[in-house]
Amino acid sequence: MELNKSEKILWQGVPKQGFKIILQDLIIIPFLLLFICASIFMLYINFIGIFFVIFTVYVIYTRYIRDIIDRKNTKYYITEQHVILCKPKNTVTIPFKEIKKISYTDHPFKFIYGSIIFGEEENIFGDPNEEFSFGYKGGLNLTRDKTVIEYIKDYKEVYQLIQEKIKESKS
């Protein structure tokens, strides 16, 4: 990550590590348990159960394991001019002038952690006007928000800082 010489970091952070769930996972997890039970039962009947096993493993990997791995090497920065999301596969730099929509969400149970979302928030059911597909937006969306500062403790303060910087950039 390279900054302009005149730019300084106002805030930096990393997401909380380990297994984390969001509100949508409270819908996904019971279905995963149902699929696990169905796949075990189907394996006793015939080989069709292998498709249930493959689907369950795919969902668990896509939704949870890949998320844990990606968050290990993720860092977030807010400078005087940008929001910078340094993730393992790519670095996203968002100038304050280009931020059209921003929101935050509290994470369930203790509400200690939250996420700041840039753009439209992902939904596990996708847009009703899109065709059904597995693993992509539309029908059944197993991915999480891509442009997000996630699982940080001071998310409300960071959200306010970003809002202030957006106002400053537009004036």
# chains A, B, ... in the order shown; residues from 1 in each chain; ligands from 1
call {"tool": "residues_around", "arguments": {"residues": "segment 83-86 of chain A", "least_positions_apart": "3", "cutoff": "10 Å", "atoms": "only C-alpha atoms", "output": "list in words"}}
result
Met1, Ile9, Trp11, Gln12, Gly13, Val14, Asn73, Thr74, Lys75, Tyr76, Tyr77, Ile78, Thr79, Glu80, Lys89, Asn90, Thr91, Val92, Thr93, Ile94, Pro95, Phe96, Ile99, Lys146, Thr147, Val148, Ile149, Ile162 and Lys165 of chain A
call {"tool": "select_by_dssp", "arguments": {"residues": "segment 20-168 of chain A", "states": "strand (DSSP E)", "output": "NGL selection string"}}
result
:A and (75-79 or 82-86 or 91-95 or 102-106 or 114-118 or 133-134 or 139-140 or 148-152)
call {"tool": "atom_distance", "arguments": {"atom1": "atom CA of Met42 of chain A", "atom2": "atom CA of Asp67 of chain A"}}
result
29.0 Å
call {"tool": "select_by_dssp", "arguments": {"residues": "chain A", "states": "alpha helix (DSSP H)", "output": "mmCIF file with N, CA, C and O atoms, in the first residue's frame"}}
result
data_model
loop_
_atom_site.group_PDB
_atom_site.id
_atom_site.type_symbol
_atom_site.label_atom_id
_atom_site.label_comp_id
_atom_site.auth_asym_id
_atom_site.auth_seq_id
_atom_site.Cartn_x
_atom_site.Cartn_y
_atom_site.Cartn_z
ATOM 1 N N ASP A 25 -26.720 -15.593 8.789
ATOM 2 C CA ASP A 25 -26.263 -16.953 9.083
ATOM 3 C C ASP A 25 -27.246 -17.701 9.984
ATOM 4 O O ASP A 25 -27.267 -18.929 9.991
ATOM 5 N N LEU A 26 -28.056 -16.967 10.730
ATOM 6 C CA LEU A 26 -29.058 -17.620 11.568
ATOM 7 C C LEU A 26 -30.136 -18.289 10.716
ATOM 8 O O LEU A 26 -30.868 -19.148 11.197
ATOM 9 N N ILE A 27 -30.211 -17.918 9.449
ATOM 10 C CA ILE A 27 -31.107 -18.585 8.502
ATOM 11 C C ILE A 27 -30.368 -19.723 7.797
ATOM 12 O O ILE A 27 -30.918 -20.801 7.598
ATOM 13 N N ILE A 28 -29.103 -19.495 7.446
ATOM 14 C CA ILE A 28 -28.334 -20.475 6.687
ATOM 15 C C ILE A 28 -27.976 -21.701 7.522
ATOM 16 O O ILE A 28 -28.085 -22.837 7.040
ATOM 17 N N ILE A 29 -27.551 -21.524 8.758
ATOM 18 C CA ILE A 29 -27.060 -22.637 9.578
ATOM 19 C C ILE A 29 -28.112 -23.732 9.798
ATOM 20 O O ILE A 29 -27.783 -24.913 9.647
ATOM 21 N N PRO A 30 -29.374 -23.416 10.124
ATOM 22 C CA PRO A 30 -30.348 -24.510 10.255
ATOM 23 C C PRO A 30 -30.531 -25.311 8.960
ATOM 24 O O PRO A 30 -30.674 -26.538 9.005
ATOM 25 N N PHE A 31 -30.489 -24.633 7.818
ATOM 26 C CA PHE A 31 -30.595 -25.348 6.548
ATOM 27 C C PHE A 31 -29.372 -26.227 6.298
ATOM 28 O O PHE A 31 -29.476 -27.315 5.740
ATOM 29 N N LEU A 32 -28.198 -25.753 6.708
ATOM 30 C CA LEU A 32 -27.000 -26.579 6.582
ATOM 31 C C LEU A 32 -27.124 -27.843 7.429
ATOM 32 O O LEU A 32 -26.752 -28.936 6.984
ATOM 33 N N LEU A 33 -27.622 -27.682 8.646
ATOM 34 C CA LEU A 33 -27.825 -28.859 9.502
ATOM 35 C C LEU A 33 -28.814 -29.832 8.878
ATOM 36 O O LEU A 33 -28.612 -31.055 8.913
ATOM 37 N N LEU A 34 -29.858 -29.305 8.290
ATOM 38 C CA LEU A 34 -30.846 -30.140 7.593
ATOM 39 C C LEU A 34 -30.208 -30.875 6.422
ATOM 40 O O LEU A 34 -30.432 -32.072 6.228
ATOM 41 N N PHE A 35 -29.387 -30.173 5.648
ATOM 42 C CA PHE A 35 -28.703 -30.801 4.512
ATOM 43 C C PHE A 35 -27.708 -31.859 4.982
ATOM 44 O O PHE A 35 -27.543 -32.896 4.326
ATOM 45 N N ILE A 36 -27.009 -31.617 6.092
ATOM 46 C CA ILE A 36 -26.084 -32.622 6.620
ATOM 47 C C ILE A 36 -26.846 -33.884 6.997
ATOM 48 O O ILE A 36 -26.440 -34.999 6.649
ATOM 49 N N CYS A 37 -27.956 -33.733 7.704
ATOM 50 C CA CYS A 37 -28.780 -34.894 8.085
ATOM 51 C C CYS A 37 -29.319 -35.615 6.853
ATOM 52 O O CYS A 37 -29.286 -36.845 6.777
ATOM 53 N N ALA A 38 -29.783 -34.851 5.872
ATOM 54 C CA ALA A 38 -30.315 -35.450 4.645
ATOM 55 C C ALA A 38 -29.215 -36.179 3.881
ATOM 56 O O ALA A 38 -29.446 -37.270 3.338
ATOM 57 N N SER A 39 -28.010 -35.602 3.846
ATOM 58 C CA SER A 39 -26.927 -36.252 3.106
ATOM 59 C C SER A 39 -26.508 -37.559 3.773
ATOM 60 O O SER A 39 -26.235 -38.545 3.085
ATOM 61 N N ILE A 40 -26.485 -37.593 5.096
ATOM 62 C CA ILE A 40 -26.149 -38.842 5.801
ATOM 63 C C ILE A 40 -27.216 -39.896 5.532
ATOM 64 O O ILE A 40 -26.912 -41.050 5.231
ATOM 65 N N PHE A 41 -28.469 -39.495 5.589
ATOM 66 C CA PHE A 41 -29.564 -40.421 5.315
ATOM 67 C C PHE A 41 -29.519 -40.920 3.868
ATOM 68 O O PHE A 41 -29.674 -42.115 3.600
ATOM 69 N N MET A 42 -29.287 -40.003 2.926
ATOM 70 C CA MET A 42 -29.255 -40.380 1.511
ATOM 71 C C MET A 42 -28.075 -41.283 1.172
ATOM 72 O O MET A 42 -28.170 -42.116 0.272
ATOM 73 N N LEU A 43 -26.953 -41.127 1.876
ATOM 74 C CA LEU A 43 -25.808 -42.003 1.622
ATOM 75 C C LEU A 43 -26.138 -43.456 1.952
ATOM 76 O O LEU A 43 -25.600 -44.375 1.332
ATOM 77 N N TYR A 44 -26.994 -43.660 2.944
ATOM 78 C CA TYR A 44 -27.401 -45.022 3.280
ATOM 79 C C TYR A 44 -28.318 -45.608 2.213
ATOM 80 O O TYR A 44 -28.329 -46.813 1.991
ATOM 81 N N ILE A 45 -29.071 -44.770 1.539
ATOM 82 C CA ILE A 45 -30.023 -45.255 0.537
ATOM 83 C C ILE A 45 -29.329 -45.540 -0.799
ATOM 84 O O ILE A 45 -29.433 -46.636 -1.335
ATOM 85 N N GLY A 49 -26.906 -39.314 -2.415
ATOM 86 C CA GLY A 49 -26.519 -38.560 -1.221
ATOM 87 C C GLY A 49 -25.202 -37.847 -1.369
ATOM 88 O O GLY A 49 -24.943 -36.863 -0.680
ATOM 89 N N ILE A 50 -24.349 -38.315 -2.278
ATOM 90 C CA ILE A 50 -23.059 -37.659 -2.493
ATOM 91 C C ILE A 50 -23.250 -36.229 -2.979
ATOM 92 O O ILE A 50 -22.475 -35.344 -2.639
ATOM 93 N N PHE A 51 -24.310 -35.947 -3.730
ATOM 94 C CA PHE A 51 -24.583 -34.583 -4.181
ATOM 95 C C PHE A 51 -24.958 -33.679 -3.005
ATOM 96 O O PHE A 51 -24.581 -32.515 -2.975
ATOM 97 N N PHE A 52 -25.678 -34.216 -2.038
ATOM 98 C CA PHE A 52 -25.996 -33.455 -0.828
ATOM 99 C C PHE A 52 -24.716 -33.146 -0.052
ATOM 100 O O PHE A 52 -24.540 -32.039 0.464
ATOM 101 N N VAL A 53 -23.821 -34.122 0.030
ATOM 102 C CA VAL A 53 -22.556 -33.926 0.736
ATOM 103 C C VAL A 53 -21.735 -32.854 0.035
ATOM 104 O O VAL A 53 -21.198 -31.941 0.674
ATOM 105 N N ILE A 54 -21.624 -32.922 -1.290
ATOM 106 C CA ILE A 54 -20.847 -31.941 -2.053
ATOM 107 C C ILE A 54 -21.435 -30.539 -1.882
ATOM 108 O O ILE A 54 -20.700 -29.573 -1.661
ATOM 109 N N PHE A 55 -22.757 -30.427 -1.949
ATOM 110 C CA PHE A 55 -23.396 -29.127 -1.775
ATOM 111 C C PHE A 55 -23.120 -28.561 -0.382
ATOM 112 O O PHE A 55 -22.786 -27.387 -0.226
ATOM 113 N N THR A 56 -23.238 -29.393 0.647
ATOM 114 C CA THR A 56 -23.018 -28.937 2.020
ATOM 115 C C THR A 56 -21.577 -28.480 2.217
ATOM 116 O O THR A 56 -21.326 -27.426 2.804
ATOM 117 N N VAL A 57 -20.623 -29.244 1.709
ATOM 118 C CA VAL A 57 -19.211 -28.875 1.826
ATOM 119 C C VAL A 57 -18.945 -27.569 1.074
ATOM 120 O O VAL A 57 -18.226 -26.694 1.559
ATOM 121 N N TYR A 58 -19.538 -27.424 -0.099
ATOM 122 C CA TYR A 58 -19.380 -26.205 -0.889
ATOM 123 C C TYR A 58 -19.886 -24.981 -0.122
ATOM 124 O O TYR A 58 -19.219 -23.945 -0.063
ATOM 125 N N VAL A 59 -21.058 -25.084 0.479
ATOM 126 C CA VAL A 59 -21.633 -23.960 1.225
ATOM 127 C C VAL A 59 -20.766 -23.627 2.433
ATOM 128 O O VAL A 59 -20.474 -22.452 2.697
ATOM 129 N N ILE A 60 -20.345 -24.636 3.174
ATOM 130 C CA ILE A 60 -19.510 -24.398 4.365
ATOM 131 C C ILE A 60 -18.197 -23.725 3.968
ATOM 132 O O ILE A 60 -17.767 -22.763 4.597
ATOM 133 N N ARG A 66 -13.544 -19.919 3.804
ATOM 134 C CA ARG A 66 -12.858 -18.913 2.992
ATOM 135 C C ARG A 66 -12.884 -17.549 3.686
ATOM 136 O O ARG A 66 -11.916 -16.793 3.619
ATOM 137 N N ASP A 67 -13.966 -17.249 4.388
ATOM 138 C CA ASP A 67 -14.080 -15.986 5.120
ATOM 139 C C ASP A 67 -13.036 -15.902 6.239
ATOM 140 O O ASP A 67 -12.391 -14.877 6.418
ATOM 141 N N ILE A 68 -12.870 -16.981 6.989
ATOM 142 C CA ILE A 68 -11.882 -17.020 8.080
ATOM 143 C C ILE A 68 -10.480 -16.830 7.529
ATOM 144 O O ILE A 68 -9.680 -16.049 8.067
ATOM 145 N N ILE A 69 -10.157 -17.512 6.443
ATOM 146 C CA ILE A 69 -8.832 -17.414 5.827
ATOM 147 C C ILE A 69 -8.571 -15.999 5.312
ATOM 148 O O ILE A 69 -7.497 -15.430 5.537
ATOM 149 N N ASP A 70 -9.547 -15.415 4.636
ATOM 150 C CA ASP A 70 -9.368 -14.072 4.067
ATOM 151 C C ASP A 70 -9.182 -13.002 5.141
ATOM 152 O O ASP A 70 -8.408 -12.062 4.959
ATOM 153 N N ARG A 71 -9.883 -13.126 6.259
ATOM 154 C CA ARG A 71 -9.783 -12.098 7.309
ATOM 155 C C ARG A 71 -8.445 -12.108 8.027
ATOM 156 O O ARG A 71 -8.067 -11.121 8.656
ATOM 157 N N LYS A 72 -7.685 -13.211 7.944
ATOM 158 C CA LYS A 72 -6.384 -13.274 8.624
ATOM 159 C C LYS A 72 -5.409 -12.229 8.112
ATOM 160 O O LYS A 72 -4.587 -11.727 8.866
ATOM 161 N N TYR A 155 -16.865 0.523 15.120
ATOM 162 C CA TYR A 155 -17.505 0.743 13.817
ATOM 163 C C TYR A 155 -18.354 2.012 13.774
ATOM 164 O O TYR A 155 -18.423 2.668 12.740
ATOM 165 N N LYS A 156 -18.991 2.400 14.871
ATOM 166 C CA LYS A 156 -19.818 3.621 14.850
ATOM 167 C C LYS A 156 -18.952 4.876 14.746
ATOM 168 O O LYS A 156 -19.298 5.812 14.026
ATOM 169 N N GLU A 157 -17.826 4.885 15.438
ATOM 170 C CA GLU A 157 -16.915 6.022 15.354
ATOM 171 C C GLU A 157 -16.281 6.110 13.961
ATOM 172 O O GLU A 157 -16.146 7.196 13.400
ATOM 173 N N VAL A 158 -15.901 4.960 13.416
ATOM 174 C CA VAL A 158 -15.310 4.942 12.075
ATOM 175 C C VAL A 158 -16.344 5.377 11.040
ATOM 176 O O VAL A 158 -16.031 6.138 10.121
ATOM 177 N N TYR A 159 -17.574 4.937 11.210
ATOM 178 C CA TYR A 159 -18.661 5.351 10.314
ATOM 179 C C TYR A 159 -18.826 6.872 10.344
ATOM 180 O O TYR A 159 -18.951 7.512 9.293
ATOM 181 N N GLN A 160 -18.805 7.468 11.530
ATOM 182 C CA GLN A 160 -18.923 8.925 11.661
ATOM 183 C C GLN A 160 -17.739 9.638 11.004
ATOM 184 O O GLN A 160 -17.914 10.660 10.343
ATOM 185 N N LEU A 161 -16.539 9.081 11.190
ATOM 186 C CA LEU A 161 -15.344 9.663 10.568
ATOM 187 C C LEU A 161 -15.485 9.656 9.043
ATOM 188 O O LEU A 161 -15.210 10.666 8.384
ATOM 189 N N ILE A 162 -15.941 8.558 8.488
ATOM 190 C CA ILE A 162 -16.119 8.467 7.036
ATOM 191 C C ILE A 162 -17.192 9.446 6.568
ATOM 192 O O ILE A 162 -17.012 10.125 5.548
ATOM 193 N N GLN A 163 -18.283 9.551 7.312
ATOM 194 C CA GLN A 163 -19.350 10.504 6.956
ATOM 195 C C GLN A 163 -18.810 11.934 6.930
ATOM 196 O O GLN A 163 -19.136 12.709 6.027
ATOM 197 N N GLU A 164 -18.004 12.283 7.922
ATOM 198 C CA GLU A 164 -17.412 13.630 7.964
ATOM 199 C C GLU A 164 -16.509 13.871 6.765
ATOM 200 O O GLU A 164 -16.555 14.936 6.142
ATOM 201 N N LYS A 165 -15.709 12.876 6.419
ATOM 202 C CA LYS A 165 -14.787 13.012 5.287
ATOM 203 C C LYS A 165 -15.551 13.090 3.957
ATOM 204 O O LYS A 165 -15.122 13.784 3.043
ATOM 205 N N ILE A 166 -16.662 12.394 3.857
ATOM 206 C CA ILE A 166 -17.494 12.481 2.650
ATOM 207 C C ILE A 166 -18.045 13.899 2.506
ATOM 208 O O ILE A 166 -18.008 14.485 1.428
ATOM 209 N N LYS A 167 -18.537 14.472 3.610
ATOM 210 C CA LYS A 167 -19.062 15.853 3.583
ATOM 211 C C LYS A 167 -17.974 16.846 3.208
ATOM 212 O O LYS A 167 -18.196 17.765 2.435
ATOM 213 N N GLU A 168 -16.774 16.679 3.790
ATOM 214 C CA GLU A 168 -15.660 17.566 3.478
ATOM 215 C C GLU A 168 -15.267 17.486 2.008
ATOM 216 O O GLU A 168 -14.945 18.495 1.387
ATOM 217 N N SER A 169 -15.301 16.283 1.446
ATOM 218 C CA SER A 169 -14.878 16.107 0.048
ATOM 219 C C SER A 169 -15.867 16.720 -0.929
ATOM 220 O O SER A 169 -15.498 17.080 -2.043
ATOM 221 N N LYS A 170 -17.134 16.851 -0.520
ATOM 222 C CA LYS A 170 -18.149 17.408 -1.395
ATOM 223 C C LYS A 170 -18.262 18.921 -1.278
ATOM 224 O O LYS A 170 -18.923 19.565 -2.081
#
call {"tool": "residues_around", "arguments": {"residues": "Lys153 of chain A", "least_positions_apart": "5", "cutoff": "8 Å", "atoms": "only C-alpha atoms", "output": "mmCIF file with C-alpha atoms, in the first residue's frame"}}
result
data_model
loop_
_atom_site.group_PDB
_atom_site.id
_atom_site.type_symbol
_atom_site.label_atom_id
_atom_site.label_comp_id
_atom_site.auth_asym_id
_atom_site.auth_seq_id
_atom_site.Cartn_x
_atom_site.Cartn_y
_atom_site.Cartn_z
ATOM 1 C CA ILE A 112 -19.801 -5.357 20.197
ATOM 2 C CA TYR A 113 -18.696 -5.685 16.586
ATOM 3 C CA GLY A 114 -20.068 -4.188 13.436
#
call {"tool": "atom_distance", "arguments": {"atom1": "atom CA of Lys20 of chain A", "atom2": "atom CA of Pro88 of chain A"}}
result
18.2 Å
call {"tool": "atom_distance", "arguments": {"atom1": "atom CA of Lys101 of chain A", "atom2": "atom CA of Phe118 of chain A"}}
result
6.0 Å
call {"tool": "closest_residue", "arguments": {"among": "A:Phe109, A:Glu150, A:Gly18, A:Ile117", "to": "Lys87 of chain A", "atoms": "only C-alpha atoms"}}
result
A:Glu150
